[in-house]
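Below: one structure, written as structure tokens.
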Amino acid sequence: MAGVGVLDTGLRYLYVNPALERLNGVPAAEHLGRTVAEVLPGVDAGEDMMRAVLADGKPREITSSGYTAASAGRVRRYWHGAYHRLEVGGRIVGLAGIVLEVMGSEQGRHELEQARRHMSMLDAAATRIGTTLDMDTTCAELVDLVVPGLADLATVEVFPPDVAAPVRPAPPGVLRLRRAALTAVAGLRAELPGFGLTGEYVDYQEGAAVQRCLAANQPVVENHATDEQLMRSAPVPERVAAYRALGMHSAVIVPVGVRGRPLGVLVLIRAGDSPVFTDDDVVVARELAGRAAVDLDHARRYGHEHTIALELQRSLLSEPRPPHPHIEIATRYLPADRSVMVGGDWFDVIPLRDGRHLNAMGDVMGHGVEAAVAMSHYRSLLRMFADDEMPPHRILERLDRMVERSGMDRAATCLLVVVDRSGTACEVASAGHLPPVLIDPGKAGTRVPDEVPVGPPLGTGFGGYRTASMRFGPGTVLFLYTDGLVERRGEDIDVSVGRLGELTLPASGSLDLLLDEVLRRFGPGAEDDIAVLASRTRPYPGATTAPRSATS
């Protein structure tokens, strides 16, 4: 068995396993707190190489020789060791070493090769597991790492999320897990459908290895598993035949959890001519499961909050109803990809008297549940303050004062546009928001007006908003959007917004088709949520109402 030792940055022993204790001929307690040179004065242990590993993080293999208390007489002994730097949260905490006495035997070479594979997997775990905040991806990264180095087949099964579509309840005494990831060596992949599918729910009966593993929070090893053992673990009796078709003979079930809270299990299986699992295999499996558990916990927390925020946002961003019969409205909301938390983008259309209506587009700063809740406050306040006789900049001033007094710590940008009943004139005010786009089907074409004065975001208490008046042709589409549509890394925002001037109405004149085309052209590559709104006024019977003069 390989000797395993953990050293601090001063090369003082923190831990030795029983095998290293026997190799050195010194009790484990007499290692702790002492340097390698103090414990083994008669051994050239290669401390300079160990310090080099600490310095640059590159693993090294060291061959050393000398005399220990376990040496028979004065016979020189030889050892081969592999050393790897240990880090916690980016901080260097020491070294881990695996040492084998060089005997020239086949068994010795096999143990050394196994030790190298184990250390290589532990090194790779730092970069290959937890590359995203998606739980299933993290599980897939874990099983891909352990197959084939540690197992012929591996699966990660997790508890169902507590915020998701309801799952049928498990019968009394039965544990239900969801298979988040599954993989096998090439020779066994054809048999995987009989073992189960990724994404399915698996039931474990009382006394099954998985239940025992989670109850004790300890690995369970079943080498040379009997049909009776397999029957207890199988969700259905027919599954036992599939297990035997795999040639399965050994299994290790390792708990995956953090801070005493279980997340699921890692199941390793060996089949055919593969050897049974050893104690060293179990130690490595548990270490890998522990490392993955931290990333899985982050992913679960993210998924929990993301689901709540997204559902809250969807419920609040219901499709606005046309404020008047002669108004056409189309909206879209596109969440950023799953690597970005849902944000506080919002829109609204509020009817006013005399056939006029107020279009609003806003974006609460930040992401997550807090941003979505803040968005609902802004939207509710706007509906309360929208007044038939109040120009847009006055509404923004009231919003700004109310938000500041309320103590809400989430600033927001907002664009308000009051459109007259003829659809040929409007009043516009901006609180740090990007300008609207006017898409005219006639000769005027599309333009991004530069006469809209921009004030500070809402919630800052600075005020200073102004209203600008604009005119446009009949049938012009008013297009509002949040910054997720146009902001791109390495590109000036004015250049990005300028490209919106290329928008044109589809031949059918459909607002829905217009927004579909906008998202097709500008949606890819977005790193933030996107909200867009398009409105158009159809001919309205009666006189045209001119906009009020801009006020400050």
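Residues are referred to by chain and number: the chain letter is A, B, ... according to the order shown in the structure tokens, the number counts from 1 in that chain, and ligands are numbered separately from 1 in the order shown.
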Find the residues around Val143 in chain A up to 8 Å (only C-alpha atoms counted), leave out those fewer than 6 positions away in its own chain, and share them as a list in words.
Ala154, Thr155, Val156, Ala181, Leu182 and Thr183 of chain A
What are the nearest atom pairs, with distances in Å to one decimal, for all residues of range 347-381 of chain A that come at most 12 Å from range 469-478 of chain A, using only C-alpha atoms, set out by chain and rising residue number as JSON lines?
```
{"residue": "A:Leu358", "atom": "CA", "partner": "A:Leu478", "partner_atom": "CA", "distance": 11.5}
{"residue": "A:Asn359", "atom": "CA", "partner": "A:Leu478", "partner_atom": "CA", "distance": 9.0}
{"residue": "A:Ala360", "atom": "CA", "partner": "A:Leu478", "partner_atom": "CA", "distance": 11.2}
{"residue": "A:Met361", "atom": "CA", "partner": "A:Leu478", "partner_atom": "CA", "distance": 11.7}
```
Mind dumping the selected residues with N, CA, C and O atoms as a PDB file, in the first residue's frame?
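The resulting selection_32.pdb:
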```
ATOM      1  N   LEU A 358     -49.221  55.757 -22.154  1.00  0.00           N
ATOM      2  CA  LEU A 358     -47.846  55.888 -21.662  1.00  0.00           C
ATOM      3  C   LEU A 358     -47.120  54.567 -21.873  1.00  0.00           C
ATOM      4  O   LEU A 358     -47.558  53.526 -21.387  1.00  0.00           O
ATOM      5  N   ASN A 359     -45.991  54.618 -22.615  1.00  0.00           N
ATOM      6  CA  ASN A 359     -45.111  53.460 -22.771  1.00  0.00           C
ATOM      7  C   ASN A 359     -43.936  53.621 -21.810  1.00  0.00           C
ATOM      8  O   ASN A 359     -43.328  54.699 -21.744  1.00  0.00           O
ATOM      9  N   ALA A 360     -43.601  52.558 -21.084  1.00  0.00           N
ATOM     10  CA  ALA A 360     -42.493  52.606 -20.128  1.00  0.00           C
ATOM     11  C   ALA A 360     -41.564  51.428 -20.350  1.00  0.00           C
ATOM     12  O   ALA A 360     -42.013  50.314 -20.616  1.00  0.00           O
ATOM     13  N   MET A 361     -40.280  51.679 -20.227  1.00  0.00           N
ATOM     14  CA  MET A 361     -39.263  50.628 -20.276  1.00  0.00           C
ATOM     15  C   MET A 361     -38.257  50.927 -19.180  1.00  0.00           C
ATOM     16  O   MET A 361     -37.758  52.053 -19.064  1.00  0.00           O
TER      17      MET A 361
END
```
List as a CSV table (one decimal) with C-alpha atoms, in the first residue's frame the protein and nucleic acid residues near range 212-221 of chain A, meaning an atom at most 9 Å away when only C-alpha atoms are counted, but skip any in the same chain fewer than 3 places from it.
```
chain,number,residue,atom,x,y,z
A,206,GLU,CA,-35.1,0.6,2.5
A,207,GLY,CA,-31.8,-1.1,3.1
A,208,ALA,CA,-30.4,-0.3,-0.3
A,209,ALA,CA,-26.7,0.8,-0.4
A,250,SER,CA,-18.2,-4.1,-7.6
A,251,ALA,CA,-19.8,-0.7,-6.5
A,252,VAL,CA,-18.8,2.2,-4.4
A,253,ILE,CA,-21.5,4.7,-3.2
A,254,VAL,CA,-20.0,7.9,-1.9
A,255,PRO,CA,-22.1,10.7,-0.2
A,256,VAL,CA,-22.0,14.1,-1.8
A,257,GLY,CA,-22.9,16.9,0.6
A,260,GLY,CA,-23.8,18.2,6.9
A,262,PRO,CA,-26.7,15.9,1.7
A,264,GLY,CA,-26.9,13.2,-3.5
A,265,VAL,CA,-24.5,10.4,-4.2
A,277,PHE,CA,-12.3,-1.3,-5.4
A,282,VAL,CA,-12.5,4.9,-1.9
A,286,ARG,CA,-14.6,10.6,-1.4
```
If you run DSSP on this backbone, which residues of range 62-299 of chain A come out as strand (DSSP E), and could you give them as number ranges by chain?
A: 62-66, 77-88, 91-101, 153-158, 175-184, 201-204, 220-223, 248-258, 261-271
Have a look at A:Gly463, A:Pro435, A:Pro449, A:Pro148 and name the one nearest to Arg394 in chain A; count only C-alpha atoms.
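Comparing A:Gly463, A:Pro435, A:Pro449, A:Pro148 against Arg394 in chain A, the winner is A:Gly463.
If you look at CA of Pro27 in chain A and CA of Val99 in chain A, they are 16.5 Å away from each other.
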Contact residues around Ala69 in chain A with only C-alpha atoms at 12 Å, ignoring same-chain residues under 2 positions, as a list of chain:residue names
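Near neighbours after the sequence-gap exclusion: A:Glu21, A:Arg22, A:Leu23, A:Asn24, A:Gly25, A:Val26, A:Pro27, A:Val39, A:Leu40, A:Pro41, A:Gly42, A:Val43, A:Gly66, A:Tyr67, A:Ser71, A:Ala72, A:Gly73, A:Arg74, A:Val75, A:Arg76, A:Arg77.
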Which residues come within 7 Å of Ile329 in chain A, counting only C-alpha atoms, excluding same-chain residues fewer than 2 positions away, as a count of residues only?
6
Mind running range 365-484 of chain A against range 508-523 of chain A at 12 Å and telling me each contacting residue's nearest atom pair with the distance in Å (one decimal), counting only C-alpha atoms, chain and number ascending, as JSON lines?
```
{"residue": "A:Ile439", "atom": "CA", "partner": "A:Leu514", "partner_atom": "CA", "distance": 10.3}
{"residue": "A:Asp440", "atom": "CA", "partner": "A:Gly509", "partner_atom": "CA", "distance": 10.8}
{"residue": "A:Pro441", "atom": "CA", "partner": "A:Gly509", "partner_atom": "CA", "distance": 8.5}
{"residue": "A:Gly442", "atom": "CA", "partner": "A:Gly509", "partner_atom": "CA", "distance": 11.9}
{"residue": "A:Gly475", "atom": "CA", "partner": "A:Gly509", "partner_atom": "CA", "distance": 9.6}
{"residue": "A:Thr476", "atom": "CA", "partner": "A:Gly509", "partner_atom": "CA", "distance": 10.6}
{"residue": "A:Val477", "atom": "CA", "partner": "A:Leu511", "partner_atom": "CA", "distance": 8.3}
{"residue": "A:Leu478", "atom": "CA", "partner": "A:Leu511", "partner_atom": "CA", "distance": 10.3}
{"residue": "A:Phe479", "atom": "CA", "partner": "A:Leu515", "partner_atom": "CA", "distance": 9.3}
{"residue": "A:Leu480", "atom": "CA", "partner": "A:Leu515", "partner_atom": "CA", "distance": 10.7}
{"residue": "A:Tyr481", "atom": "CA", "partner": "A:Val518", "partner_atom": "CA", "distance": 10.4}
{"residue": "A:Thr482", "atom": "CA", "partner": "A:Gly523", "partner_atom": "CA", "distance": 11.7}
{"residue": "A:Asp483", "atom": "CA", "partner": "A:Phe522", "partner_atom": "CA", "distance": 11.1}
{"residue": "A:Gly484", "atom": "CA", "partner": "A:Gly523", "partner_atom": "CA", "distance": 8.3}
```
Computed interatomic separation between CA of Ala180 in chain A and CA of Thr198 in chain A (Å):
5.8 Å
